[in-house]
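*Asks:* One structure, as structure tokens, below. Some questions next.
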Amino acid sequence: MDPLLQAALDARNNAHAPYSNFRVGAAIEDESGRIHTGCNIENATYGLTLCAERVAVFKAISEGARKFKRIAVAADTATLTPPCGACRQILWEFCGNAELTLVNLQHKTETFQLKDLFPRPFDASFLD
Ligand code: THU
């Protein structure tokens with residue numbers, strides 16, 4: 001199994017999801033090949049919940065990583081779980097048109113380019 005997908009599956013085991021019981025793991029590979037992981041972290045207020053993808057990105061950024069090659073998202077769904085809209089925006093900001101692979105517990109996978117899941121993004125190019 002691709003180590004990036006395995007890292008996303010492993011990170012899912014750390015999910016704090018007592019309200020939805022919907023556990024998600026994410027992993028992103030930086031330009032040096034280092035893998036950064038995240039899981040969803042829910043909150044009793046619901047609205048302060050953090051998705052796995054954003055946890056992975058923010059952990060990586062806070063540790064000094066800046067460029068990313070690949071993203072993986074793991075969940076236990078037959079129809080593979082894609083990133084929410086907010087996470088697509090954050091992934092675009094830091095990963096650009098990276099390769100994104102979705103995986104489930106049966107190791108079914110689908111791979112996309114982020115631009116196809118997030119067409120016509122608003123980004124720094126508009127702020128020049
Ligand atoms: N969630 C993620 O972490 N990533 C996704 O791609 C979809 C949704 C989380 C947020 C919340 O904790 C739970 O899944 C249900 O929405």
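Order determines the names: the first chain of the structure tokens is A, the second B, and so forth; residues in each chain are numbered 1 upward, and ligands are numbered 1 upward as they are shown.
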Quick one: residues within 7 Å of ligand 1, with only C-alpha atoms and all ligand atoms, as a PDB file with N, CA, C and O atoms, in the first residue's frame?
*Replies:*
ATOM      1  N   ALA A  17     -14.268  12.184  17.012  1.00  0.00           N
ATOM      2  CA  ALA A  17     -15.547  12.413  16.308  1.00  0.00           C
ATOM      3  C   ALA A  17     -16.715  11.823  17.111  1.00  0.00           C
ATOM      4  O   ALA A  17     -17.494  11.021  16.590  1.00  0.00           O
ATOM      5  N   SER A  20     -20.441  13.037  15.407  1.00  0.00           N
ATOM      6  CA  SER A  20     -20.872  12.469  14.115  1.00  0.00           C
ATOM      7  C   SER A  20     -20.517  10.987  13.991  1.00  0.00           C
ATOM      8  O   SER A  20     -21.096  10.279  13.162  1.00  0.00           O
ATOM      9  N   PHE A  22     -18.177  10.076  12.444  1.00  0.00           N
ATOM     10  CA  PHE A  22     -17.657   9.999  11.077  1.00  0.00           C
ATOM     11  C   PHE A  22     -16.169  10.331  11.158  1.00  0.00           C
ATOM     12  O   PHE A  22     -15.772  11.474  11.392  1.00  0.00           O
ATOM     13  N   ARG A  23     -15.347   9.307  10.982  1.00  0.00           N
ATOM     14  CA  ARG A  23     -13.911   9.464  11.212  1.00  0.00           C
ATOM     15  C   ARG A  23     -13.189   9.638   9.886  1.00  0.00           C
ATOM     16  O   ARG A  23     -13.419   8.865   8.937  1.00  0.00           O
ATOM     17  N   VAL A  24     -12.327  10.642   9.852  1.00  0.00           N
ATOM     18  CA  VAL A  24     -11.595  10.967   8.618  1.00  0.00           C
ATOM     19  C   VAL A  24     -10.110  11.113   8.944  1.00  0.00           C
ATOM     20  O   VAL A  24      -9.751  11.643  10.008  1.00  0.00           O
ATOM     21  N   GLY A  25      -9.279  10.651   8.039  1.00  0.00           N
ATOM     22  CA  GLY A  25      -7.835  10.863   8.145  1.00  0.00           C
ATOM     23  C   GLY A  25      -7.326  11.529   6.882  1.00  0.00           C
ATOM     24  O   GLY A  25      -7.887  11.334   5.793  1.00  0.00           O
ATOM     25  N   CYS A  39      -6.380  14.354  11.502  1.00  0.00           N
ATOM     26  CA  CYS A  39      -7.674  13.682  11.651  1.00  0.00           C
ATOM     27  C   CYS A  39      -8.709  14.750  11.977  1.00  0.00           C
ATOM     28  O   CYS A  39      -8.347  15.867  12.370  1.00  0.00           O
ATOM     29  N   ASN A  40      -9.980  14.412  11.809  1.00  0.00           N
ATOM     30  CA  ASN A  40     -10.990  15.401  12.206  1.00  0.00           C
ATOM     31  C   ASN A  40     -11.083  15.477  13.723  1.00  0.00           C
ATOM     32  O   ASN A  40     -10.932  14.479  14.436  1.00  0.00           O
ATOM     33  N   ILE A  41     -11.298  16.695  14.194  1.00  0.00           N
ATOM     34  CA  ILE A  41     -11.353  16.975  15.639  1.00  0.00           C
ATOM     35  C   ILE A  41     -12.641  17.764  15.888  1.00  0.00           C
ATOM     36  O   ILE A  41     -12.730  18.949  15.533  1.00  0.00           O
ATOM     37  N   GLU A  42     -13.634  17.081  16.446  1.00  0.00           N
ATOM     38  CA  GLU A  42     -14.936  17.720  16.650  1.00  0.00           C
ATOM     39  C   GLU A  42     -14.978  18.447  17.989  1.00  0.00           C
ATOM     40  O   GLU A  42     -14.122  18.246  18.862  1.00  0.00           O
ATOM     41  N   THR A  49     -15.607  22.447  14.877  1.00  0.00           N
ATOM     42  CA  THR A  49     -14.990  21.215  14.363  1.00  0.00           C
ATOM     43  C   THR A  49     -13.958  21.532  13.290  1.00  0.00           C
ATOM     44  O   THR A  49     -14.165  22.418  12.454  1.00  0.00           O
ATOM     45  N   LEU A  50     -12.862  20.792  13.318  1.00  0.00           N
ATOM     46  CA  LEU A  50     -11.836  20.913  12.281  1.00  0.00           C
ATOM     47  C   LEU A  50     -11.816  19.636  11.455  1.00  0.00           C
ATOM     48  O   LEU A  50     -11.815  18.530  12.005  1.00  0.00           O
ATOM     49  N   CYS A  51     -11.765  19.790  10.150  1.00  0.00           N
ATOM     50  CA  CYS A  51     -11.655  18.630   9.258  1.00  0.00           C
ATOM     51  C   CYS A  51     -10.222  18.095   9.251  1.00  0.00           C
ATOM     52  O   CYS A  51      -9.257  18.841   9.467  1.00  0.00           O
ATOM     53  N   ALA A  52     -10.108  16.834   8.918  1.00  0.00           N
ATOM     54  CA  ALA A  52      -8.804  16.169   8.870  1.00  0.00           C
ATOM     55  C   ALA A  52      -7.838  16.864   7.913  1.00  0.00           C
ATOM     56  O   ALA A  52      -6.638  17.013   8.216  1.00  0.00           O
ATOM     57  N   GLU A  53      -8.352  17.300   6.770  1.00  0.00           N
ATOM     58  CA  GLU A  53      -7.476  17.897   5.751  1.00  0.00           C
ATOM     59  C   GLU A  53      -6.825  19.173   6.268  1.00  0.00           C
ATOM     60  O   GLU A  53      -5.635  19.422   6.080  1.00  0.00           O
ATOM     61  N   VAL A  73      -6.960  11.302   1.457  1.00  0.00           N
ATOM     62  CA  VAL A  73      -8.065  11.429   2.415  1.00  0.00           C
ATOM     63  C   VAL A  73      -8.693  10.056   2.597  1.00  0.00           C
ATOM     64  O   VAL A  73      -9.054   9.401   1.612  1.00  0.00           O
ATOM     65  N   THR A  81     -15.044   9.568   0.169  1.00  0.00           N
ATOM     66  CA  THR A  81     -15.325  10.877   0.783  1.00  0.00           C
ATOM     67  C   THR A  81     -14.376  11.938   0.249  1.00  0.00           C
ATOM     68  O   THR A  81     -13.155  11.831   0.435  1.00  0.00           O
ATOM     69  N   PRO A  82     -14.908  12.985  -0.383  1.00  0.00           N
ATOM     70  CA  PRO A  82     -14.050  14.073  -0.870  1.00  0.00           C
ATOM     71  C   PRO A  82     -13.928  15.184   0.173  1.00  0.00           C
ATOM     72  O   PRO A  82     -14.743  15.267   1.096  1.00  0.00           O
ATOM     73  N   PRO A  83     -12.938  16.057   0.037  1.00  0.00           N
ATOM     74  CA  PRO A  83     -12.808  17.197   0.953  1.00  0.00           C
ATOM     75  C   PRO A  83     -14.007  18.136   0.826  1.00  0.00           C
ATOM     76  O   PRO A  83     -14.550  18.315  -0.276  1.00  0.00           O
ATOM     77  N   CYS A  84     -14.398  18.754   1.934  1.00  0.00           N
ATOM     78  CA  CYS A  84     -15.475  19.754   1.904  1.00  0.00           C
ATOM     79  C   CYS A  84     -14.978  21.006   1.171  1.00  0.00           C
ATOM     80  O   CYS A  84     -13.787  21.153   0.875  1.00  0.00           O
TER      81      CYS A  84
END
*Asks:* Out of segment 18-117 of chain A, which residues get alpha helix (DSSP H) from DSSP, as an MDAnalysis selection string?
*Replies:* chainID A and resid 52:62 85:95 114:117
*Asks:* Using only C-alpha atoms, which residue out of A:Gln106, A:Thr45, A:Gln89, A:Gln6 lies closest to Arg120 of chain A?
*Replies:* A:Gln89
*Asks:* Just list the residues in chain A DSSP gives strand (DSSP E or B) on the backbone, as a ChimeraX atom specification.
*Replies:* /A:16,24-30,35-39,41,50,68-75,99-103,109-113
*Asks:* Could those selected residues go to a file with N, CA and C atoms, as a tab-separated table (two decimals), in the first residue's frame?
*Replies:*
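The result, written out as part.tsv:
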chain	number	residue	atom	x	y	z
A	16	HIS	N	-11.19	12.47	16.54
A	16	HIS	CA	-12.03	12.77	17.72
A	16	HIS	C	-13.39	13.17	17.14
A	24	VAL	N	-12.33	10.64	9.85
A	24	VAL	CA	-11.60	10.97	8.62
A	24	VAL	C	-10.11	11.11	8.94
A	25	GLY	N	-9.28	10.65	8.04
A	25	GLY	CA	-7.83	10.86	8.15
A	25	GLY	C	-7.33	11.53	6.88
A	26	ALA	N	-6.28	12.31	7.02
A	26	ALA	CA	-5.67	12.96	5.85
A	26	ALA	C	-4.16	12.87	5.97
A	27	ALA	N	-3.51	12.85	4.83
A	27	ALA	CA	-2.05	12.86	4.81
A	27	ALA	C	-1.60	13.68	3.61
A	28	ILE	N	-0.59	14.50	3.80
A	28	ILE	CA	-0.02	15.28	2.70
A	28	ILE	C	1.49	15.06	2.67
A	29	GLU	N	1.98	14.93	1.45
A	29	GLU	CA	3.41	14.68	1.25
A	29	GLU	C	4.06	15.97	0.79
A	30	ASP	N	5.08	16.41	1.52
A	30	ASP	CA	5.73	17.66	1.12
A	30	ASP	C	6.82	17.39	0.09
A	35	ILE	N	5.80	13.06	5.20
A	35	ILE	CA	4.34	12.93	5.26
A	35	ILE	C	3.83	13.59	6.55
A	36	HIS	N	2.81	14.42	6.38
A	36	HIS	CA	2.15	15.11	7.51
A	36	HIS	C	0.71	14.62	7.56
A	37	THR	N	0.22	14.34	8.76
A	37	THR	CA	-1.11	13.74	8.87
A	37	THR	C	-2.04	14.59	9.72
A	38	GLY	N	-3.33	14.32	9.57
A	38	GLY	CA	-4.34	14.97	10.39
A	38	GLY	C	-5.58	14.10	10.48
A	39	CYS	N	-6.38	14.35	11.50
A	39	CYS	CA	-7.67	13.68	11.65
A	39	CYS	C	-8.71	14.75	11.98
A	41	ILE	N	-11.30	16.69	14.19
A	41	ILE	CA	-11.35	16.97	15.64
A	41	ILE	C	-12.64	17.76	15.89
A	50	LEU	N	-12.86	20.79	13.32
A	50	LEU	CA	-11.84	20.91	12.28
A	50	LEU	C	-11.82	19.64	11.46
A	68	PHE	N	3.76	21.06	-1.38
A	68	PHE	CA	3.22	19.72	-1.23
A	68	PHE	C	2.96	19.10	-2.60
A	69	LYS	N	3.18	17.80	-2.65
A	69	LYS	CA	3.04	17.09	-3.94
A	69	LYS	C	1.74	16.31	-4.01
A	70	ARG	N	1.35	15.69	-2.89
A	70	ARG	CA	0.22	14.77	-2.92
A	70	ARG	C	-0.58	14.87	-1.63
A	71	ILE	N	-1.86	14.55	-1.76
A	71	ILE	CA	-2.80	14.58	-0.63
A	71	ILE	C	-3.55	13.25	-0.64
A	72	ALA	N	-3.84	12.70	0.53
A	72	ALA	CA	-4.71	11.52	0.62
A	72	ALA	C	-5.74	11.76	1.71
A	73	VAL	N	-6.96	11.30	1.46
A	73	VAL	CA	-8.06	11.43	2.42
A	73	VAL	C	-8.69	10.06	2.60
A	74	ALA	N	-8.83	9.63	3.86
A	74	ALA	CA	-9.35	8.29	4.16
A	74	ALA	C	-10.62	8.39	4.99
A	75	ALA	N	-11.64	7.64	4.57
A	75	ALA	CA	-12.89	7.54	5.35
A	75	ALA	C	-13.51	6.19	5.07
A	99	GLU	N	-2.00	16.33	-6.62
A	99	GLU	CA	-2.74	15.07	-6.81
A	99	GLU	C	-3.44	14.71	-5.50
A	100	LEU	N	-4.71	14.36	-5.62
A	100	LEU	CA	-5.53	14.06	-4.43
A	100	LEU	C	-6.10	12.66	-4.59
A	101	THR	N	-5.78	11.78	-3.65
A	101	THR	CA	-6.31	10.41	-3.70
A	101	THR	C	-7.23	10.17	-2.52
A	102	LEU	N	-8.41	9.63	-2.81
A	102	LEU	CA	-9.38	9.24	-1.79
A	102	LEU	C	-9.27	7.74	-1.60
A	103	VAL	N	-9.42	7.30	-0.36
A	103	VAL	CA	-9.28	5.87	-0.07
A	103	VAL	C	-10.29	5.48	1.01
A	109	THR	N	-9.68	3.16	-4.20
A	109	THR	CA	-9.10	4.50	-4.35
A	109	THR	C	-9.63	5.18	-5.62
A	110	GLU	N	-9.59	6.50	-5.58
A	110	GLU	CA	-9.82	7.34	-6.75
A	110	GLU	C	-8.85	8.51	-6.65
A	111	THR	N	-8.26	8.87	-7.79
A	111	THR	CA	-7.27	9.96	-7.78
A	111	THR	C	-7.74	11.09	-8.70
A	112	PHE	N	-7.58	12.30	-8.20
A	112	PHE	CA	-7.99	13.50	-8.92
A	112	PHE	C	-6.84	14.50	-8.92
A	113	GLN	N	-6.94	15.47	-9.82
A	113	GLN	CA	-6.15	16.69	-9.66
A	113	GLN	C	-7.04	17.70	-8.96
*Asks:* Quick one: of A:Asn21, A:Val55, A:Ser62, A:Pro3, who's nearest to Gly33 of chain A, counting only C-alpha atoms?
*Replies:*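 For Gly33 of chain A, the nearest of the given residues is A:Pro3.
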*Asks:* By how many Å are atom CA of Gly85 of chain A and atom CA of Asn13 of chain A apart?
*Replies:*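 One can read the atom CA of Gly85 of chain A to atom CA of Asn13 of chain A distance as 23.2 Å.
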*Asks:* Could you check the closest approach to Arg12 of chain A for each of A:Asn97, A:Asn43, A:Asn104, A:Thr79 and tell me which residue wins, using only C-alpha atoms?
*Replies:*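 Looking at the shortest contact to Arg12 of chain A, the residue is A:Asn104.
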*Asks:* Between A:Arg66, A:Arg34, A:Arg88, A:Lys59, which residue has the minimum interatomic distance to Pro119 of chain A, considering only C-alpha atoms?
*Replies:*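 Result for the nearest residue to Pro119 of chain A: A:Arg88.
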